[in-house]
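Student: Just one file: target_22.pdb, with PDB, C-alpha atoms, pLDDT in the B column.
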```pdb
ATOM      1  CA  MET G 107     -20.393 -54.634 -96.876  1.00 81.00           C
ATOM      2  CA  PRO G 108     -21.022 -58.355 -96.345  1.00 90.00           C
ATOM      3  CA  ARG G 109     -22.909 -59.208 -93.166  1.00 95.00           C
ATOM      4  CA  GLY G 110     -23.651 -62.701 -92.045  1.00 96.00           C
ATOM      5  CA  ARG G 111     -23.259 -65.520 -89.597  1.00 97.00           C
ATOM      6  CA  TYR G 112     -20.840 -68.430 -89.322  1.00 98.00           C
ATOM      7  CA  SER G 113     -21.457 -71.522 -87.239  1.00 97.00           C
ATOM      8  CA  LEU G 114     -18.387 -72.805 -85.404  1.00 96.00           C
ATOM      9  CA  HIS G 115     -17.851 -76.401 -84.375  1.00 95.00           C
ATOM     10  CA  ASP G 116     -15.081 -78.738 -83.330  1.00 91.00           C
ATOM     11  CA  PRO G 117     -13.481 -79.923 -86.611  1.00 88.00           C
ATOM     12  CA  HIS G 118     -12.879 -83.403 -85.193  1.00 87.00           C
ATOM     13  CA  ASP G 119     -16.105 -84.414 -83.439  1.00 92.00           C
ATOM     14  CA  HIS G 120     -18.386 -81.612 -84.758  1.00 90.00           C
ATOM     15  CA  THR G 121     -19.395 -80.446 -81.273  1.00 94.00           C
ATOM     16  CA  PRO G 122     -21.105 -77.032 -81.697  1.00 95.00           C
ATOM     17  CA  LEU G 123     -18.939 -74.209 -80.343  1.00 94.00           C
ATOM     18  CA  GLY G 124     -21.194 -71.267 -81.123  1.00 95.00           C
ATOM     19  CA  GLU G 125     -21.746 -68.661 -83.802  1.00 97.00           C
ATOM     20  CA  GLU G 126     -19.857 -65.672 -85.159  1.00 98.00           C
ATOM     21  CA  HIS G 127     -21.940 -62.716 -86.349  1.00 98.00           C
ATOM     22  CA  PHE G 128     -19.790 -60.580 -88.636  1.00 98.00           C
ATOM     23  CA  HIS G 129     -19.532 -57.714 -91.044  1.00 96.00           C
ATOM     24  CA  CYS G 130     -16.523 -56.827 -93.153  1.00 96.00           C
ATOM     25  CA  ALA G 131     -15.540 -54.496 -95.954  1.00 92.00           C
ATOM     26  CA  PRO G 132     -12.543 -53.436 -98.030  1.00 90.00           C
ATOM     27  CA  GLY G 133     -11.602 -49.780 -97.743  1.00 80.00           C
ATOM     28  CA  PRO G 134      -9.014 -47.332 -99.044  1.00 78.00           C
ATOM     29  CA  SER G 135      -6.362 -48.646 -96.649  1.00 84.00           C
ATOM     30  CA  GLY G 136      -7.127 -52.363 -96.786  1.00 93.00           C
ATOM     31  CA  TRP G 137      -9.831 -54.554 -95.198  1.00 96.00           C
ATOM     32  CA  ARG G 138     -11.597 -54.671 -91.846  1.00 96.00           C
ATOM     33  CA  TYR G 139     -13.557 -57.459 -90.162  1.00 97.00           C
ATOM     34  CA  VAL G 140     -15.645 -57.071 -86.996  1.00 97.00           C
ATOM     35  CA  SER G 141     -17.587 -59.836 -85.266  1.00 98.00           C
ATOM     36  CA  GLN G 142     -19.344 -60.881 -82.084  1.00 98.00           C
ATOM     37  CA  ILE G 143     -19.102 -64.503 -80.949  1.00 97.00           C
ATOM     38  CA  THR G 144     -21.840 -66.315 -79.046  1.00 97.00           C
ATOM     39  CA  THR G 145     -21.973 -69.687 -77.291  1.00 95.00           C
ATOM     40  CA  PRO G 146     -24.372 -72.449 -78.437  1.00 95.00           C
ATOM     41  CA  SER G 147     -26.821 -71.151 -75.806  1.00 95.00           C
ATOM     42  CA  GLY G 148     -26.617 -67.622 -77.230  1.00 94.00           C
ATOM     43  CA  ASP G 149     -24.468 -65.999 -74.531  1.00 95.00           C
ATOM     44  CA  HIS G 150     -21.752 -63.536 -75.506  1.00 95.00           C
ATOM     45  CA  ALA G 151     -18.379 -65.302 -75.757  1.00 95.00           C
ATOM     46  CA  GLY G 152     -16.007 -62.794 -77.340  1.00 96.00           C
ATOM     47  CA  SER G 153     -15.277 -60.533 -80.268  1.00 97.00           C
ATOM     48  CA  VAL G 154     -12.870 -60.001 -83.157  1.00 98.00           C
ATOM     49  CA  ASP G 155     -11.732 -56.725 -84.706  1.00 97.00           C
ATOM     50  CA  LEU G 156      -9.108 -57.187 -87.420  1.00 97.00           C
ATOM     51  CA  ALA G 157      -7.811 -54.600 -89.871  1.00 97.00           C
ATOM     52  CA  VAL G 158      -5.234 -55.377 -92.544  1.00 97.00           C
ATOM     53  CA  ASP G 159      -3.519 -53.035 -94.984  1.00 95.00           C
ATOM     54  CA  GLU G 160      -3.665 -53.300 -98.773  1.00 92.00           C
ATOM     55  CA  LEU G 161      -0.902 -55.937 -98.668  1.00 92.00           C
ATOM     56  CA  GLY G 162      -2.740 -58.078 -96.132  1.00 93.00           C
ATOM     57  CA  ARG G 163      -0.525 -57.210 -93.152  1.00 96.00           C
ATOM     58  CA  PRO G 164      -2.317 -56.853 -89.803  1.00 97.00           C
ATOM     59  CA  ILE G 165      -2.311 -53.188 -88.810  1.00 96.00           C
ATOM     60  CA  ARG G 166      -4.654 -53.722 -85.856  1.00 97.00           C
ATOM     61  CA  LEU G 167      -6.010 -56.766 -84.053  1.00 98.00           C
ATOM     62  CA  GLU G 168      -8.215 -56.807 -80.977  1.00 97.00           C
ATOM     63  CA  LEU G 169      -9.542 -60.093 -79.603  1.00 97.00           C
ATOM     64  CA  HIS G 170     -11.740 -60.724 -76.575  1.00 97.00           C
ATOM     65  CA  ALA G 171     -12.537 -64.157 -75.156  1.00 95.00           C
ATOM     66  CA  ALA G 172     -13.401 -65.366 -71.648  1.00 87.00           C
ATOM     67  CA  SER G 173     -12.446 -61.919 -70.289  1.00 91.00           C
ATOM     68  CA  TRP G 174      -8.973 -62.215 -71.827  1.00 95.00           C
ATOM     69  CA  GLN G 175      -7.889 -59.545 -74.306  1.00 96.00           C
ATOM     70  CA  VAL G 176      -5.232 -59.370 -77.012  1.00 97.00           C
ATOM     71  CA  ARG G 177      -4.170 -56.300 -78.955  1.00 97.00           C
ATOM     72  CA  GLY G 178      -1.646 -56.763 -81.745  1.00 98.00           C
ATOM     73  CA  ALA G 179      -0.165 -55.461 -84.977  1.00 97.00           C
ATOM     74  CA  ALA G 180       2.593 -56.154 -87.487  1.00 96.00           C
ATOM     75  CA  ILE G 181       5.562 -54.453 -85.805  1.00 95.00           C
ATOM     76  CA  ASP G 182       9.037 -56.059 -86.085  1.00 95.00           C
ATOM     77  CA  GLY G 183       7.314 -59.243 -87.182  1.00 95.00           C
ATOM     78  CA  VAL G 184       4.148 -59.353 -85.098  1.00 98.00           C
ATOM     79  CA  THR G 185       3.788 -57.821 -81.649  1.00 98.00           C
ATOM     80  CA  TRP G 186       0.939 -58.173 -79.175  1.00 98.00           C
ATOM     81  CA  VAL G 187      -0.131 -57.458 -75.612  1.00 97.00           C
ATOM     82  CA  ARG G 188      -2.249 -60.043 -73.759  1.00 97.00           C
ATOM     83  CA  THR G 189      -4.201 -58.933 -70.705  1.00 96.00           C
ATOM     84  CA  ASP G 190      -5.652 -61.292 -68.077  1.00 91.00           C
ATOM     85  CA  PRO G 191      -9.319 -61.224 -66.926  1.00 88.00           C
ATOM     86  CA  THR G 192      -8.512 -59.161 -63.826  1.00 86.00           C
ATOM     87  CA  GLY G 193      -6.809 -56.496 -65.938  1.00 83.00           C
ATOM     88  CA  THR G 194      -3.856 -56.387 -63.559  1.00 87.00           C
ATOM     89  CA  GLU G 195      -1.254 -58.185 -65.660  1.00 88.00           C
ATOM     90  CA  ALA G 196      -0.338 -57.578 -69.288  1.00 94.00           C
ATOM     91  CA  THR G 197       2.191 -59.701 -71.134  1.00 95.00           C
ATOM     92  CA  GLU G 198       3.865 -58.470 -74.301  1.00 96.00           C
ATOM     93  CA  GLY G 199       5.012 -60.829 -77.032  1.00 97.00           C
ATOM     94  CA  ASN G 200       6.924 -60.519 -80.288  1.00 97.00           C
ATOM     95  CA  VAL G 201       7.669 -63.161 -82.918  1.00 97.00           C
ATOM     96  CA  PRO G 202       9.302 -62.869 -86.364  1.00 97.00           C
ATOM     97  CA  ALA G 203       6.089 -64.028 -88.040  1.00 97.00           C
ATOM     98  CA  HIS G 204       3.997 -62.776 -90.959  1.00 97.00           C
ATOM     99  CA  ALA G 205       0.575 -62.390 -89.337  1.00 98.00           C
ATOM    100  CA  PHE G 206      -1.896 -63.702 -86.752  1.00 98.00           C
ATOM    101  CA  THR G 207      -4.378 -66.555 -86.863  1.00 97.00           C
ATOM    102  CA  GLY G 208      -7.046 -68.163 -84.713  1.00 95.00           C
ATOM    103  CA  THR G 209     -10.461 -69.783 -84.910  1.00 94.00           C
ATOM    104  CA  SER G 210     -12.188 -66.820 -86.575  1.00 97.00           C
ATOM    105  CA  PRO G 211     -12.782 -67.055 -90.339  1.00 98.00           C
ATOM    106  CA  ALA G 212     -11.318 -63.538 -90.544  1.00 98.00           C
ATOM    107  CA  PHE G 213      -7.826 -64.949 -90.267  1.00 98.00           C
ATOM    108  CA  LEU G 214      -8.288 -67.254 -93.265  1.00 98.00           C
ATOM    109  CA  VAL G 215      -9.344 -64.355 -95.471  1.00 97.00           C
ATOM    110  CA  ALA G 216      -6.473 -62.208 -94.178  1.00 97.00           C
ATOM    111  CA  THR G 217      -3.869 -64.935 -94.774  1.00 98.00           C
ATOM    112  CA  ALA G 218      -5.125 -65.557 -98.304  1.00 97.00           C
ATOM    113  CA  ARG G 219      -4.964 -61.815 -98.948  1.00 95.00           C
ATOM    114  CA  LEU G 220      -1.436 -61.672 -97.560  1.00 96.00           C
ATOM    115  CA  LEU G 221      -0.120 -64.512 -99.736  1.00 96.00           C
ATOM    116  CA  ARG G 222      -1.771 -63.566-103.079  1.00 94.00           C
ATOM    117  CA  LEU G 223      -1.369 -67.068-104.503  1.00 96.00           C
ATOM    118  CA  THR G 224      -1.893 -68.161-108.084  1.00 94.00           C
ATOM    119  CA  PRO G 225      -3.503 -71.486-109.082  1.00 94.00           C
ATOM    120  CA  GLY G 226      -1.041 -74.304-109.598  1.00 88.00           C
ATOM    121  CA  ALA G 227       1.937 -72.483-108.081  1.00 93.00           C
ATOM    122  CA  PRO G 228       4.029 -74.276-105.435  1.00 94.00           C
ATOM    123  CA  ALA G 229       2.817 -74.020-101.863  1.00 96.00           C
ATOM    124  CA  THR G 230       3.958 -70.957 -99.929  1.00 97.00           C
ATOM    125  CA  ARG G 231       5.175 -71.252 -96.366  1.00 97.00           C
ATOM    126  CA  VAL G 232       3.882 -68.777 -93.802  1.00 98.00           C
ATOM    127  CA  ARG G 233       4.589 -68.344 -90.071  1.00 98.00           C
ATOM    128  CA  LEU G 234       1.641 -67.218 -87.952  1.00 98.00           C
ATOM    129  CA  VAL G 235       0.919 -66.558 -84.287  1.00 98.00           C
ATOM    130  CA  HIS G 236      -2.183 -68.521 -83.314  1.00 98.00           C
ATOM    131  CA  PHE G 237      -4.284 -67.356 -80.371  1.00 97.00           C
ATOM    132  CA  THR G 238      -5.953 -70.412 -78.875  1.00 94.00           C
ATOM    133  CA  ASP G 239      -9.418 -70.476 -77.344  1.00 88.00           C
ATOM    134  CA  PRO G 240     -10.618 -69.799 -74.742  1.00 88.00           C
ATOM    135  CA  VAL G 241      -7.734 -67.900 -73.074  1.00 93.00           C
ATOM    136  CA  LEU G 242      -6.046 -66.473 -76.210  1.00 96.00           C
ATOM    137  CA  ALA G 243      -2.722 -68.119 -75.462  1.00 96.00           C
ATOM    138  CA  PRO G 244      -0.204 -67.391 -78.265  1.00 97.00           C
ATOM    139  CA  ARG G 245       1.387 -70.248 -80.204  1.00 97.00           C
ATOM    140  CA  THR G 246       3.644 -69.918 -83.249  1.00 97.00           C
ATOM    141  CA  VAL G 247       2.632 -72.188 -86.144  1.00 97.00           C
ATOM    142  CA  ASP G 248       4.084 -72.819 -89.596  1.00 98.00           C
ATOM    143  CA  GLN G 249       1.712 -73.528 -92.470  1.00 98.00           C
ATOM    144  CA  ALA G 250       1.963 -74.073 -96.213  1.00 98.00           C
ATOM    145  CA  TRP G 251      -0.764 -72.601 -98.426  1.00 98.00           C
ATOM    146  CA  ALA G 252      -1.471 -73.547-102.030  1.00 98.00           C
ATOM    147  CA  LEU G 253      -4.254 -72.246-104.288  1.00 97.00           C
ATOM    148  CA  LEU G 254      -5.678 -75.372-105.911  1.00 96.00           C
ATOM    149  CA  LYS G 255      -8.166 -73.697-108.245  1.00 94.00           C
ATOM    150  CA  SER G 256     -10.368 -70.659-108.819  1.00 93.00           C
ATOM    151  CA  GLU G 257     -13.806 -71.377-110.269  1.00 91.00           C
ATOM    152  CA  ALA G 258     -16.771 -69.190-111.174  1.00 87.00           C
ATOM    153  CA  HIS G 259     -20.088 -70.282-109.665  1.00 81.00           C
ATOM    154  CA  SER G 260     -23.367 -68.861-110.922  1.00 78.00           C
ATOM    155  CA  THR G 261     -25.525 -67.032-108.373  1.00 74.00           C
ATOM    156  CA  ASP G 262     -28.628 -64.836-108.466  1.00 72.00           C
ATOM    157  CA  SER G 263     -26.394 -61.748-108.433  1.00 70.00           C
ATOM    158  CA  GLY G 264     -23.953 -62.969-111.090  1.00 73.00           C
ATOM    159  CA  PRO G 265     -20.838 -65.139-111.239  1.00 80.00           C
ATOM    160  CA  LEU G 266     -19.034 -65.686-107.937  1.00 85.00           C
ATOM    161  CA  MET G 267     -15.332 -66.592-107.983  1.00 90.00           C
ATOM    162  CA  VAL G 268     -14.517 -69.252-105.398  1.00 95.00           C
ATOM    163  CA  ASP G 269     -10.915 -70.028-104.467  1.00 96.00           C
ATOM    164  CA  ALA G 270     -10.032 -73.458-103.070  1.00 97.00           C
ATOM    165  CA  TYR G 271      -6.902 -73.476-100.896  1.00 98.00           C
ATOM    166  CA  GLN G 272      -5.007 -76.421 -99.481  1.00 97.00           C
ATOM    167  CA  VAL G 273      -3.606 -75.557 -96.058  1.00 98.00           C
ATOM    168  CA  SER G 274      -0.972 -77.820 -94.507  1.00 97.00           C
ATOM    169  CA  ALA G 275       0.247 -77.745 -90.911  1.00 96.00           C
ATOM    170  CA  LEU G 276       3.994 -78.224 -91.220  1.00 95.00           C
ATOM    171  CA  ASP G 277       4.424 -79.623 -87.705  1.00 92.00           C
ATOM    172  CA  THR G 278       1.894 -82.446 -88.113  1.00 92.00           C
ATOM    173  CA  GLY G 279       1.468 -82.773 -91.883  1.00 92.00           C
ATOM    174  CA  GLU G 280      -2.312 -82.422 -91.493  1.00 94.00           C
ATOM    175  CA  GLN G 281      -3.994 -80.943 -94.572  1.00 96.00           C
ATOM    176  CA  HIS G 282      -7.393 -79.390 -95.111  1.00 96.00           C
ATOM    177  CA  THR G 283      -9.222 -77.365 -97.732  1.00 97.00           C
ATOM    178  CA  VAL G 284     -10.564 -73.840 -97.337  1.00 98.00           C
ATOM    179  CA  HIS G 285     -13.058 -72.276 -99.771  1.00 97.00           C
ATOM    180  CA  ILE G 286     -13.095 -68.469 -99.946  1.00 97.00           C
ATOM    181  CA  ALA G 287     -15.140 -66.117-102.132  1.00 95.00           C
ATOM    182  CA  GLY G 288     -13.884 -62.544-101.994  1.00 93.00           C
ATOM    183  CA  ASP G 289     -13.772 -61.672 -98.298  1.00 95.00           C
ATOM    184  CA  VAL G 290     -16.088 -64.441 -97.082  1.00 96.00           C
ATOM    185  CA  VAL G 291     -15.174 -68.003 -96.072  1.00 97.00           C
ATOM    186  CA  LEU G 292     -17.667 -70.442 -97.599  1.00 95.00           C
ATOM    187  CA  SER G 293     -16.351 -73.495 -95.768  1.00 95.00           C
ATOM    188  CA  ALA G 294     -13.348 -74.622 -93.739  1.00 97.00           C
ATOM    189  CA  PRO G 295     -12.723 -77.139 -90.942  1.00 95.00           C
ATOM    190  CA  GLY G 296     -14.877 -76.082 -88.007  1.00 95.00           C
ATOM    191  CA  ILE G 297     -16.521 -73.250 -89.985  1.00 97.00           C
ATOM    192  CA  GLU G 298     -19.746 -73.112 -91.991  1.00 96.00           C
ATOM    193  CA  LEU G 299     -21.302 -70.030 -93.542  1.00 96.00           C
ATOM    194  CA  GLU G 300     -24.926 -70.130 -92.371  1.00 96.00           C
ATOM    195  CA  HIS G 301     -26.248 -66.777 -93.557  1.00 95.00           C
ATOM    196  CA  LEU G 302     -25.057 -63.940 -95.794  1.00 93.00           C
ATOM    197  CA  GLU G 303     -27.100 -60.802 -96.349  1.00 92.00           C
ATOM    198  CA  THR G 304     -25.053 -59.355 -99.203  1.00 88.00           C
ATOM    199  CA  PRO G 305     -22.580 -60.840-101.699  1.00 88.00           C
ATOM    200  CA  PRO G 306     -18.877 -61.023-100.771  1.00 93.00           C
ATOM    201  CA  SER G 307     -16.743 -58.001-101.576  1.00 91.00           C
ATOM    202  CA  ALA G 308     -14.121 -58.354-104.298  1.00 84.00           C
ATOM    203  CA  PHE G 309     -10.629 -57.197-103.443  1.00 82.00           C
ATOM    204  CA  PRO G 310      -8.985 -54.806-105.905  1.00 74.00           C
ATOM    205  CA  ASP G 311      -6.198 -56.381-107.947  1.00 67.00           C
TER
END
```
As structure tokens, how would this structure be written, given the file I've shared?

Tutor:
Amino acid sequence: MPRGRYSLHDPHDHTPLGEEHFHCAPGPSGWRYVSQITTPSGDHAGSVDLAVDELGRPIRLELHAASWQVRGAAIDGVTWVRTDPTGTEATEGNVPAHAFTGTSPAFLVATARLLRLTPGAPATRVRLVHFTDPVLAPRTVDQAWALLKSEAHSTDSGPLMVDAYQVSALDTGEQHTVHIAGDVVLSAPGIELEHLETPPSAFPD
């Protein structure tokens, strides 16, 4: 069960946004990721609890940020309920999309697991519902993912397979690269892996 810490920053001006302390593990029904998010000063800022099935589909999502809450799952596309800080109003949403996304590295791992890409194959288009910080407002985005290469890197505990993905935002044409090893993001825009207690878990084929 990998445990570690990501640092989060603004991908454009590198302003520190905080840290995400996480643990994750594959299981008999898929993969689960749980994290606590802190501000740069160390205050609690939110949490992520994401579970996906063996095909990478979100079977449960719970997000907390700035007293807002989102609960969601893959039902008729993706369905979610967003609750305001007072807890008096809840808004339900549904979009014919494949999965969810957001600032947490969990979503990058889950999307890669969902798409199951092979190196050199044409890019695959995916529609996601993005929950924006800090109020978890939903926004539908279209991306194209391509697996550029998979390379083995030597480590103290043996070879580590690292996948390099090119992710393109179809509305703006902006492209960036995401490096993932097993169920851990090594680097991505706005995300750096600062500490990892145990090696990444390998997903079953």

Student: Spell out the residues picked by the PyMOL selection byres ((chain G and resi 154-165) around 9) here, as an MDAnalysis selection string.

Tutor: chainID G and resid 128 132:143 152:153 166:170 178:181 184 204:206 210 212:213 216:222

Student: Can you pull out every residue within 7 Å of range 189-198 of chain G, counting all atoms listed in the file, but drop anything in the same chain fewer than 3 positions away, and send it as a PDB file with C-alpha atoms, in the coordinates of the input?

Tutor:
```pdb
ATOM      1  CA  SER G 173     -12.446 -61.919 -70.289  1.00 91.00           C
ATOM      2  CA  TRP G 174      -8.973 -62.215 -71.827  1.00 95.00           C
ATOM      3  CA  GLN G 175      -7.889 -59.545 -74.306  1.00 96.00           C
ATOM      4  CA  VAL G 176      -5.232 -59.370 -77.012  1.00 97.00           C
ATOM      5  CA  TRP G 186       0.939 -58.173 -79.175  1.00 98.00           C
TER       6      TRP G 186
END
```

Student: List as a list in words the residues having at least one atom at most 7 Å from position (5.5, -70.5, -99.1) as given in the file, counting only C-alpha atoms.

Tutor: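 Residues close enough to count: Ala229, Thr230, Arg231, Val232, Ala250 and Trp251 of chain G.
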
Student: Output the residue selection produced by the PyMOL selection byres ((chain G and resi 268) around 10) on the file above, formatted as number ranges by chain.

Tutor: G: 255-259, 265-267, 269-271, 285-288, 290-292

Student: Could you expand the PyMOL selection byres ((chain G and resi 111) around 6) into the explicit residues it covers here, written as a CSV table (one decimal) with C-alpha atoms, in the frame of the given file?

Tutor:
```csv
chain,number,residue,atom,x,y,z
G,110,GLY,CA,-23.7,-62.7,-92.0
G,112,TYR,CA,-20.8,-68.4,-89.3
G,126,GLU,CA,-19.9,-65.7,-85.2
G,127,HIS,CA,-21.9,-62.7,-86.3
G,300,GLU,CA,-24.9,-70.1,-92.4
G,301,HIS,CA,-26.2,-66.8,-93.6
```

Student: What lies within 8 Å of Leu114 in chain G using all atoms listed in the file, ignoring chain neighbours under 4 positions off, as a PyMOL selection string?

Tutor: chain G and resi 122-126+296-298

Student: Please measure the separation of CA of Val201 in chain G and CA of Phe309 in chain G, giving the value in Å to one decimal.

Tutor: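 CA of Phe309 in chain G lies 28.1 Å from CA of Val201 in chain G.
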
Student: Of the candidates G:Asp182, G:Thr207, G:Val241, G:Val215, which one gets nearest to Ala308 in chain G if we count all atoms listed in the file?

Tutor: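 Closest residue, counting all atoms listed in the file: G:Val215.
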
Student: Given the choices G:His282, G:Arg233, G:His150, G:His120, which gets closest to Val247 in chain G if the distance is worked out from all atoms listed in the file?

Tutor: G:Arg233

Student: Just to confirm, what's the straight-line distance from CA of Ala172 in chain G to CA of His236 in chain G in Å (one decimal)?

Tutor: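 Distance reported for this atom pair: 16.5 Å.
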
Student: CA of Pro117 in chain G and CA of Pro228 in chain G, how far apart in Å?

Tutor: 26.3 Å

Student: Using only C-alpha atoms, which of G:Gly199, G:Gly208, G:Leu214, G:Ser147 sits nearest Ser293 in chain G?

Tutor: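 So, comparing all the options, the nearest one is G:Leu214.
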
Student: Rank nothing, just name the residue among G:Thr224, G:Thr145, G:Gln281, G:Thr209 nearest to Gln249 in chain G, using all atoms listed in the file.

Tutor: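 Checking each of G:Thr224, G:Thr145, G:Gln281, G:Thr209 against Gln249 in chain G, counting all atoms listed in the file, the winner is G:Gln281.
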